[in-house]
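Please read the structure below before turning to the comments.
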Amino acid sequence: MREDVDQLRADVVVAGSGIGGLTAARTALDQGASVIVIEKAPEIGGSAAFSGGSAWTAADVDAWLSVQPDADPAMGQALIDNYQEGAAWFRALGLDIVRRAEPEQFKFARVVDDFRPDAGVFMQRLADSVRAAGGTILTHTGLRQVRLGPGGAVTGVTARGAGRSVHAAARAVILATGGFQASADLRARYFGRWAHRMIVRGTPYSTGDGFLAALEAGAGTAGVFGRFYGHMIPAPPAVTGLHNFASVKPDFSEHAVFVNLHGERFDDEFLGDEVTVHAVVHQPEALCFLIFDERVRRANTSREGPGAAARRVETIRGVGGEILEAPTLEALARQTAERWGVRRVRLMATLTEHNAAARAGDPSMLSVPRSGGLQPLDTPPFYALRCLPGVTFTYGGARTNPRAQVIDSAGRPISGLYAAGADVGGLYTRGYTGGLSIGIAFGRIAGREAAALAARG
Ligand SMILES: Cc1cc2nc3c(=O)[nH]c(=O)nc-3n(C[C@H](O)[C@H](O)[C@H](O)COP(=O)(O)OP(=O)(O)OC[C@H]3O[C@@H](n4cnc5c(N)ncnc54)[C@H](O)[C@@H]3O)c2cc1C
């Protein structure tokens with residue numbers, strides 16, 4: 001049977017209708033370009049529509065580099081400048097985004113803006129504004145290939161929809177497909193033998209199509225491919241998904257002790273679970289057990305205000321998450337051994353070492369360093385929560401420069417090819433400094449650059 005092929009044409013084609021794609025699309029439209037957005041999923045919005053809707057980044061490059069060691073300061077500067085400009089531009093468009101007074105306890109200076117009334121509605125309104133400005137959004141249409149002309153410049157894309165192919169001619173293509181975390185194959189390649197146990201904490205449609213299309217077009221790679229933005233997720237039988245990932249995140253985790261199946265600590269818990277989660281992937285069966293006590297459960301250890309940690313514990317139990325509870329550490333160690341197979345004797349040795357170091361106020365007594373939050377676990381009852389690593393988006397990807405141009409393996413920009421959002425490879429090297437902000441900042445840059453290129457053409 002002959003397949004239908006839709007032939008389309010626009011100045012700019014954007015792949016992905018998440019925060020990076022829609023920001024880029026509306027920006028390019030504002031510059032006078034014609035724009036088609038292709039979206040693989042049935043709905044617009046990507047992970048952004050399910051997010052907590054708090055867009056944020058570091059306040060300055062020094063703060064950013066303190067969390068992203070060895071990162072490119074020029075990329076950080078582009079992110080910060082264009083994020084601030086992008087937030088103001090959203091306001092000028094009439095989208096509801098509100099600057100938040102930053103809570104004092106955050107680890108470094110940052111700027112935060114909340115999407116109102118929530119991220120889902122905000123993304124619908126952003127999509128409406130793209131359509132109102134003359135843009136076309138095609139759902140059920142997934143990017144397959146970036147097409148290049150004989151001189152190596154972009155000439156358009158090939159995409160696949162339900163029962164049809166789409167050939168769209170374009171002067172510029174912006175990749176904003178959200179990273180490769182939902183591809184089991186790419187996870188296995190970059191995260192090692194337990195990668196299949198990672199929980200995808202984001203849209204299932206981000207399977208690396210932008211990254212793979214960029215590689216096929218000759219892109220180089222950039223970034224620490226073993227790292228990603230994610231959080232600890234309560235392991236099954238907890239029932240988790242896009243609807244509740246934000247609410248089951250164990251926000252109090254930096255005050256817990258993390259052990260693996262051997263009962264051993266393996267990383268600095270105080271870095272935050274968005275960083276320690278990278279090490280969890282390499283523990284046996286990718287399992288991490290958070291051990292904490294009643295003091296942690298009751299304390300205001302979360303940024304969400306008094307009682308937040310206790311509420312999180314209840315929410316996790318409410319979705320079926322197993323949290324063991326015992327009157328003594330010995331009894332807890334016995335339970336974790338019987339229920340989950342954690343090595344009891346080693347776990348007790350780990351907790352004894354932790355408590356001795358905490359009571360002495362001497363982190364050097366720990367065999368695995370800890371940079372803060374060193375308090376004894378001595379207030380019963382004691383708790384254990386079993387978690388798997390959740391991945392929201394990947395840090396490695398196609399090499400991209402501060403102008404959002406995708407760079408080939410010889411270090412030259414691929415004419416007409418841009419990246420935004422999580423498809424920008426190599427921006428983050430270790431910590432997490434916002435996800436929506438990468439979409440906003442590099443969406444702004446890519447949209448402007450792509451429209452300017454099309455206008456020159
Ligand atoms: C539960 C949760 C809470 C979060 N909370 C926050 C928060 O409060 N603050 C924050 O800064 N970040 C948050 N994030 C992260 C944030 O949502 C992402 O970092 C951000 O959405 C990434 O933007 P993006 O444009 O790269 O990808 P997305 O917004 O995910 O959009 C990518 C789009 O590309 C589409 N796509 C994939 N493949 C193709 C293809 N072949 N062709 C066409 N389209 C394709 C996808 O379907 C998707 O619609 C959260 C994420 C989750 C899951």
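Letters for chains follow the order of the structure tokens (A, B, ...), residue numbers begin at 1 for each chain, and ligand numbers begin at 1 in the order shown.
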
Counting only C-alpha atoms and all ligand atoms, which residues in chain A sit no more than 7 Å from ligand 1? For each one, give the nearest pair of atoms and the distance in Å, sorted by chain then residue number, as CSV.
residue,atom,partner,partner_atom_place_in_ligand_line,distance
A:Ala15,CA,ligand 1,43 (C),4.4
A:Gly16,CA,ligand 1,34 (O),3.4
A:Ser17,CA,ligand 1,49 (O),4.7
A:Gly18,CA,ligand 1,31 (O),3.2
A:Ile19,CA,ligand 1,25 (O),4.1
A:Gly20,CA,ligand 1,25 (O),3.6
A:Gly21,CA,ligand 1,25 (O),5.6
A:Ile38,CA,ligand 1,43 (C),5.1
A:Glu39,CA,ligand 1,44 (N),3.7
A:Lys40,CA,ligand 1,44 (N),4.1
A:Ala41,CA,ligand 1,47 (O),4.6
A:Ile44,CA,ligand 1,49 (O),5.5
A:Gly45,CA,ligand 1,49 (O),4.9
A:Gly46,CA,ligand 1,49 (O),3.1
A:Ser47,CA,ligand 1,30 (O),3.6
A:Ala48,CA,ligand 1,21 (O),3.4
A:Ala49,CA,ligand 1,17 (O),6.9
A:Phe50,CA,ligand 1,1 (C),5.6
A:Ser51,CA,ligand 1,4 (C),3.4
A:Gly52,CA,ligand 1,8 (O),3.4
A:Gly53,CA,ligand 1,8 (O),4.3
A:Ser54,CA,ligand 1,8 (O),4.0
A:Ala55,CA,ligand 1,11 (O),4.3
A:Trp56,CA,ligand 1,11 (O),5.6
A:Thr141,CA,ligand 1,43 (C),6.1
A:Gly142,CA,ligand 1,42 (N),3.4
A:Leu143,CA,ligand 1,42 (N),3.8
A:Arg144,CA,ligand 1,41 (N),6.0
A:Ala176,CA,ligand 1,25 (O),5.3
A:Thr177,CA,ligand 1,34 (O),3.4
A:Gly178,CA,ligand 1,27 (O),3.5
A:Gly179,CA,ligand 1,26 (O),6.5
A:Arg201,CA,ligand 1,53 (C),5.0
A:Gly202,CA,ligand 1,53 (C),3.7
A:Thr203,CA,ligand 1,30 (O),5.9
A:Tyr205,CA,ligand 1,47 (O),4.5
A:Ser206,CA,ligand 1,37 (C),4.1
A:Thr207,CA,ligand 1,38 (N),6.1
A:Gly208,CA,ligand 1,38 (N),6.7
A:Asp209,CA,ligand 1,41 (N),4.6
A:Gly210,CA,ligand 1,41 (N),6.2
A:Leu242,CA,ligand 1,1 (C),5.7
A:Asn244,CA,ligand 1,1 (C),6.9
A:Phe245,CA,ligand 1,1 (C),4.6
A:Ala246,CA,ligand 1,1 (C),4.5
A:Thr392,CA,ligand 1,53 (C),5.5
A:Phe393,CA,ligand 1,19 (O),6.3
A:Ala420,CA,ligand 1,26 (O),6.4
A:Gly421,CA,ligand 1,26 (O),3.4
A:Ala422,CA,ligand 1,26 (O),3.7
A:Asp423,CA,ligand 1,26 (O),6.0
A:Gly434,CA,ligand 1,11 (O),4.0
A:Gly435,CA,ligand 1,19 (O),3.2
A:Leu436,CA,ligand 1,11 (O),3.8
A:Ser437,CA,ligand 1,11 (O),5.7
A:Ile438,CA,ligand 1,23 (O),6.9
A:Gly439,CA,ligand 1,25 (O),5.0

Keeping only C-alpha atoms, write those residues as a tab-separated table (two decimals), in the first residue's frame.
chain	number	residue	atom	x	y	z
A	15	ALA	CA	10.74	19.27	16.79
A	16	GLY	CA	9.03	19.02	20.18
A	17	SER	CA	6.30	21.09	21.81
A	18	GLY	CA	7.65	21.20	25.36
A	19	ILE	CA	9.00	24.31	26.95
A	20	GLY	CA	12.06	24.52	24.67
A	21	GLY	CA	10.11	23.92	21.47
A	38	ILE	CA	6.03	18.80	15.04
A	39	GLU	CA	5.16	16.87	18.20
A	40	LYS	CA	5.45	13.10	18.51
A	41	ALA	CA	2.93	12.74	21.36
A	44	ILE	CA	1.51	19.25	23.44
A	45	GLY	CA	3.61	20.12	26.47
A	46	GLY	CA	6.08	17.28	27.12
A	47	SER	CA	7.48	16.95	30.64
A	48	ALA	CA	7.03	20.67	31.10
A	49	ALA	CA	3.25	20.25	31.28
A	50	PHE	CA	3.64	17.81	34.20
A	51	SER	CA	6.37	19.74	35.96
A	52	GLY	CA	6.17	21.61	39.23
A	53	GLY	CA	6.17	24.76	37.10
A	54	SER	CA	8.94	26.51	39.02
A	55	ALA	CA	11.33	27.83	36.40
A	56	TRP	CA	14.69	28.73	37.89
A	141	THR	CA	4.22	13.69	14.24
A	142	GLY	CA	7.67	12.51	15.33
A	143	LEU	CA	10.97	13.72	13.89
A	144	ARG	CA	12.88	10.96	12.11
A	176	ALA	CA	13.71	20.28	21.29
A	177	THR	CA	12.74	16.65	21.83
A	178	GLY	CA	13.62	16.56	25.53
A	179	GLY	CA	16.66	14.24	25.82
A	201	ARG	CA	10.44	10.46	35.52
A	202	GLY	CA	9.17	12.44	32.57
A	203	THR	CA	7.39	12.05	29.25
A	205	TYR	CA	8.17	10.19	24.26
A	206	SER	CA	11.68	11.58	24.81
A	207	THR	CA	13.60	8.65	23.37
A	208	GLY	CA	16.56	10.57	22.01
A	209	ASP	CA	15.17	11.28	18.54
A	210	GLY	CA	16.67	14.77	18.45
A	242	LEU	CA	3.85	11.53	35.65
A	244	ASN	CA	2.61	12.11	41.09
A	245	PHE	CA	6.39	12.12	40.52
A	246	ALA	CA	6.68	15.58	42.06
A	392	THR	CA	13.94	13.24	34.15
A	393	PHE	CA	16.39	14.33	31.47
A	420	ALA	CA	16.86	23.92	22.84
A	421	GLY	CA	15.91	22.45	26.21
A	422	ALA	CA	17.30	19.08	27.21
A	423	ASP	CA	18.56	18.49	23.64
A	434	GLY	CA	16.68	24.03	36.62
A	435	GLY	CA	15.11	22.21	33.69
A	436	LEU	CA	12.48	24.62	32.41
A	437	SER	CA	15.08	27.39	32.32
A	438	ILE	CA	17.13	25.51	29.69
A	439	GLY	CA	14.06	25.36	27.49

Margin query: Residues near Ile199 in chain A, anyone? I mean within 8 Å using only C-alpha atoms, not counting same-chain ones fewer than 4 positions away, as a ChimeraX atom specification.
Written below: /A:233,388-391

Next item on the list: Extract, using only C-alpha atoms, all DNA, RNA and protein residues at most 12 Å from range 409-411 of chain A, discarding same-chain residues fewer than 6 positions from it, and format them as a list in words.
Entry: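 In the requested format, the answer is Ala214, Leu215, Glu216, Ala217, Gly218, Ala219, Gly220, Thr221, Ala222, Ala398, Arg399, Thr400 and Asn401 of chain A.
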
Next item on the list: Could you please write out, as a ChimeraX atom specification, every residue of range 52-171 of chain A that DSSP assigns to alpha helix (DSSP H)?
Entry: /A:61-67,73-93,119-132

How would the residues just chosen look if you wrote them out with C-alpha atoms as a PDB file, in the first residue's frame?
ATOM      1  CA  VAL A  61      27.704  32.326  36.620  1.00  0.00           C
ATOM      2  CA  ASP A  62      29.831  31.904  39.742  1.00  0.00           C
ATOM      3  CA  ALA A  63      26.873  30.396  41.585  1.00  0.00           C
ATOM      4  CA  TRP A  64      26.141  28.233  38.523  1.00  0.00           C
ATOM      5  CA  LEU A  65      29.744  26.972  38.253  1.00  0.00           C
ATOM      6  CA  SER A  66      29.735  26.052  41.950  1.00  0.00           C
ATOM      7  CA  VAL A  67      27.185  23.351  41.046  1.00  0.00           C
ATOM      8  CA  PRO A  73      31.046  29.476  31.577  1.00  0.00           C
ATOM      9  CA  ALA A  74      29.915  30.915  28.220  1.00  0.00           C
ATOM     10  CA  MET A  75      27.078  28.386  28.112  1.00  0.00           C
ATOM     11  CA  GLY A  76      26.182  29.243  31.710  1.00  0.00           C
ATOM     12  CA  GLN A  77      26.144  32.955  30.897  1.00  0.00           C
ATOM     13  CA  ALA A  78      23.917  32.344  27.877  1.00  0.00           C
ATOM     14  CA  LEU A  79      21.559  30.316  30.058  1.00  0.00           C
ATOM     15  CA  ILE A  80      21.322  32.908  32.827  1.00  0.00           C
ATOM     16  CA  ASP A  81      21.014  35.994  30.594  1.00  0.00           C
ATOM     17  CA  ASN A  82      18.469  34.482  28.243  1.00  0.00           C
ATOM     18  CA  TYR A  83      16.480  32.911  31.053  1.00  0.00           C
ATOM     19  CA  GLN A  84      16.035  36.316  32.706  1.00  0.00           C
ATOM     20  CA  GLU A  85      15.168  37.915  29.376  1.00  0.00           C
ATOM     21  CA  GLY A  86      12.815  35.034  28.535  1.00  0.00           C
ATOM     22  CA  ALA A  87      10.902  35.310  31.812  1.00  0.00           C
ATOM     23  CA  ALA A  88      10.330  39.030  31.139  1.00  0.00           C
ATOM     24  CA  TRP A  89       9.251  38.216  27.564  1.00  0.00           C
ATOM     25  CA  PHE A  90       6.673  35.677  28.838  1.00  0.00           C
ATOM     26  CA  ARG A  91       5.237  38.415  31.063  1.00  0.00           C
ATOM     27  CA  ALA A  92       5.103  40.801  28.110  1.00  0.00           C
ATOM     28  CA  LEU A  93       3.193  38.116  26.144  1.00  0.00           C
ATOM     29  CA  ALA A 119       2.408  24.138  34.430  1.00  0.00           C
ATOM     30  CA  GLY A 120      -0.245  22.302  32.384  1.00  0.00           C
ATOM     31  CA  VAL A 121      -2.379  25.387  31.822  1.00  0.00           C
ATOM     32  CA  PHE A 122       0.699  27.549  31.251  1.00  0.00           C
ATOM     33  CA  MET A 123       1.883  25.221  28.467  1.00  0.00           C
ATOM     34  CA  GLN A 124      -1.571  25.205  26.830  1.00  0.00           C
ATOM     35  CA  ARG A 125      -1.552  28.997  26.856  1.00  0.00           C
ATOM     36  CA  LEU A 126       1.934  29.068  25.378  1.00  0.00           C
ATOM     37  CA  ALA A 127       0.741  26.715  22.605  1.00  0.00           C
ATOM     38  CA  ASP A 128      -2.276  28.988  22.025  1.00  0.00           C
ATOM     39  CA  SER A 129       0.061  31.946  21.682  1.00  0.00           C
ATOM     40  CA  VAL A 130       2.093  30.061  19.051  1.00  0.00           C
ATOM     41  CA  ARG A 131      -1.079  29.374  17.053  1.00  0.00           C
ATOM     42  CA  ALA A 132      -2.318  32.933  17.528  1.00  0.00           C
TER      43      ALA A 132
END

Check: Mind pulling up the distance from CA of Pro413 in chain A to CA of Arg9 in chain A?
Finding: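 Separation between CA of Arg9 in chain A and CA of Pro413 in chain A: 23.0 Å.
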
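Of the listed residues A:Leu427, A:Val368, A:Ala308, A:Leu290, the one whose atoms come nearest to Ala384 in chain A is A:Leu290, with distances taken using only C-alpha atoms.
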
List every residue of range 215-284 of chain A that has an atom at most 10 Å from any atom of range 336-349 of chain A, giving for each one its closest atom pair and the distance in Å to one decimal, counting only C-alpha atoms, sorted by chain and then by ascending residue number, as a tab-separated table.
residue	atom	partner	partner_atom	distance
A:Val259	CA	A:Leu347	CA	7.5
A:Asn260	CA	A:Val342	CA	7.4
A:Leu261	CA	A:Val342	CA	4.6
A:His262	CA	A:Arg343	CA	5.1
A:Gly263	CA	A:Leu347	CA	4.0
A:Glu264	CA	A:Leu347	CA	6.3
A:Arg265	CA	A:Leu347	CA	8.7

Notebook entry, point to check: Could you pull the residues within 8 Å of range 354-362 of chain A, counting only C-alpha atoms, minus those fewer than 3 positions along the same chain, as an NGL selection string?
Noted result: :A and (350-351 or 365-366 or 374-378)

Next, dump the selected residues to file, keeping only N, CA and C atoms, as a PDB file, in the first residue's frame.
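After the write, part.pdb holds the following:
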ATOM      1  N   THR A 350      27.512   0.416  59.447  1.00  0.00           N
ATOM      2  CA  THR A 350      27.411   1.722  58.764  1.00  0.00           C
ATOM      3  C   THR A 350      26.702   2.742  59.653  1.00  0.00           C
ATOM      4  N   LEU A 351      25.582   2.322  60.263  1.00  0.00           N
ATOM      5  CA  LEU A 351      24.816   3.250  61.090  1.00  0.00           C
ATOM      6  C   LEU A 351      25.578   3.596  62.371  1.00  0.00           C
ATOM      7  N   MET A 365      35.480  10.966  60.400  1.00  0.00           N
ATOM      8  CA  MET A 365      35.352   9.582  60.900  1.00  0.00           C
ATOM      9  C   MET A 365      34.542   8.701  59.945  1.00  0.00           C
ATOM     10  N   LEU A 366      33.969   9.321  58.920  1.00  0.00           N
ATOM     11  CA  LEU A 366      33.154   8.544  57.976  1.00  0.00           C
ATOM     12  C   LEU A 366      34.019   7.971  56.863  1.00  0.00           C
ATOM     13  N   LEU A 374      25.024  16.191  59.168  1.00  0.00           N
ATOM     14  CA  LEU A 374      25.504  15.046  59.952  1.00  0.00           C
ATOM     15  C   LEU A 374      24.884  15.081  61.352  1.00  0.00           C
ATOM     16  N   GLN A 375      23.783  14.390  61.517  1.00  0.00           N
ATOM     17  CA  GLN A 375      23.058  14.317  62.793  1.00  0.00           C
ATOM     18  C   GLN A 375      22.913  12.846  63.151  1.00  0.00           C
ATOM     19  N   PRO A 376      23.014  12.516  64.457  1.00  0.00           N
ATOM     20  CA  PRO A 376      22.831  11.093  64.799  1.00  0.00           C
ATOM     21  C   PRO A 376      21.397  10.634  64.540  1.00  0.00           C
ATOM     22  N   LEU A 377      21.275   9.393  64.121  1.00  0.00           N
ATOM     23  CA  LEU A 377      19.933   8.783  64.033  1.00  0.00           C
ATOM     24  C   LEU A 377      19.679   8.169  65.401  1.00  0.00           C
ATOM     25  N   ASP A 378      18.977   8.900  66.261  1.00  0.00           N
ATOM     26  CA  ASP A 378      18.825   8.420  67.643  1.00  0.00           C
ATOM     27  C   ASP A 378      17.425   8.662  68.212  1.00  0.00           C
TER      28      ASP A 378
END

Next item on the list: Apply DSSP to the structure's backbone, then extract all residues of range 27-214 of chain A labelled strand (DSSP E) and return them as a PyMOL selection string.
Entry: chain A and resi 35-38+54-58+97-99+110-115+136-138+141-148+154-161+164-169+172-175+199-200

Next item on the list: Determine, counting only C-alpha atoms, which protein, DNA and RNA residues have an atom within 8 Å of an atom of range 151-165 of chain A; residues of the same chain fewer than 6 positions away are not included. Present the result as a list in words.
Entry: Glu3, Asp4, Val5, Asp6, Val13, Lys40, His140, Thr141, Gly142, Leu143, Arg144, Gln145, Arg171, Ala172, Val173, Ile414, Ser415, Gly416 and Leu417 of chain A

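Remark: for Gly425 in chain A, the closest of the candidate residues A:Asp30, A:Asp72, A:Glu325, A:Glu102 is A:Asp72 (distances computed over only C-alpha atoms).
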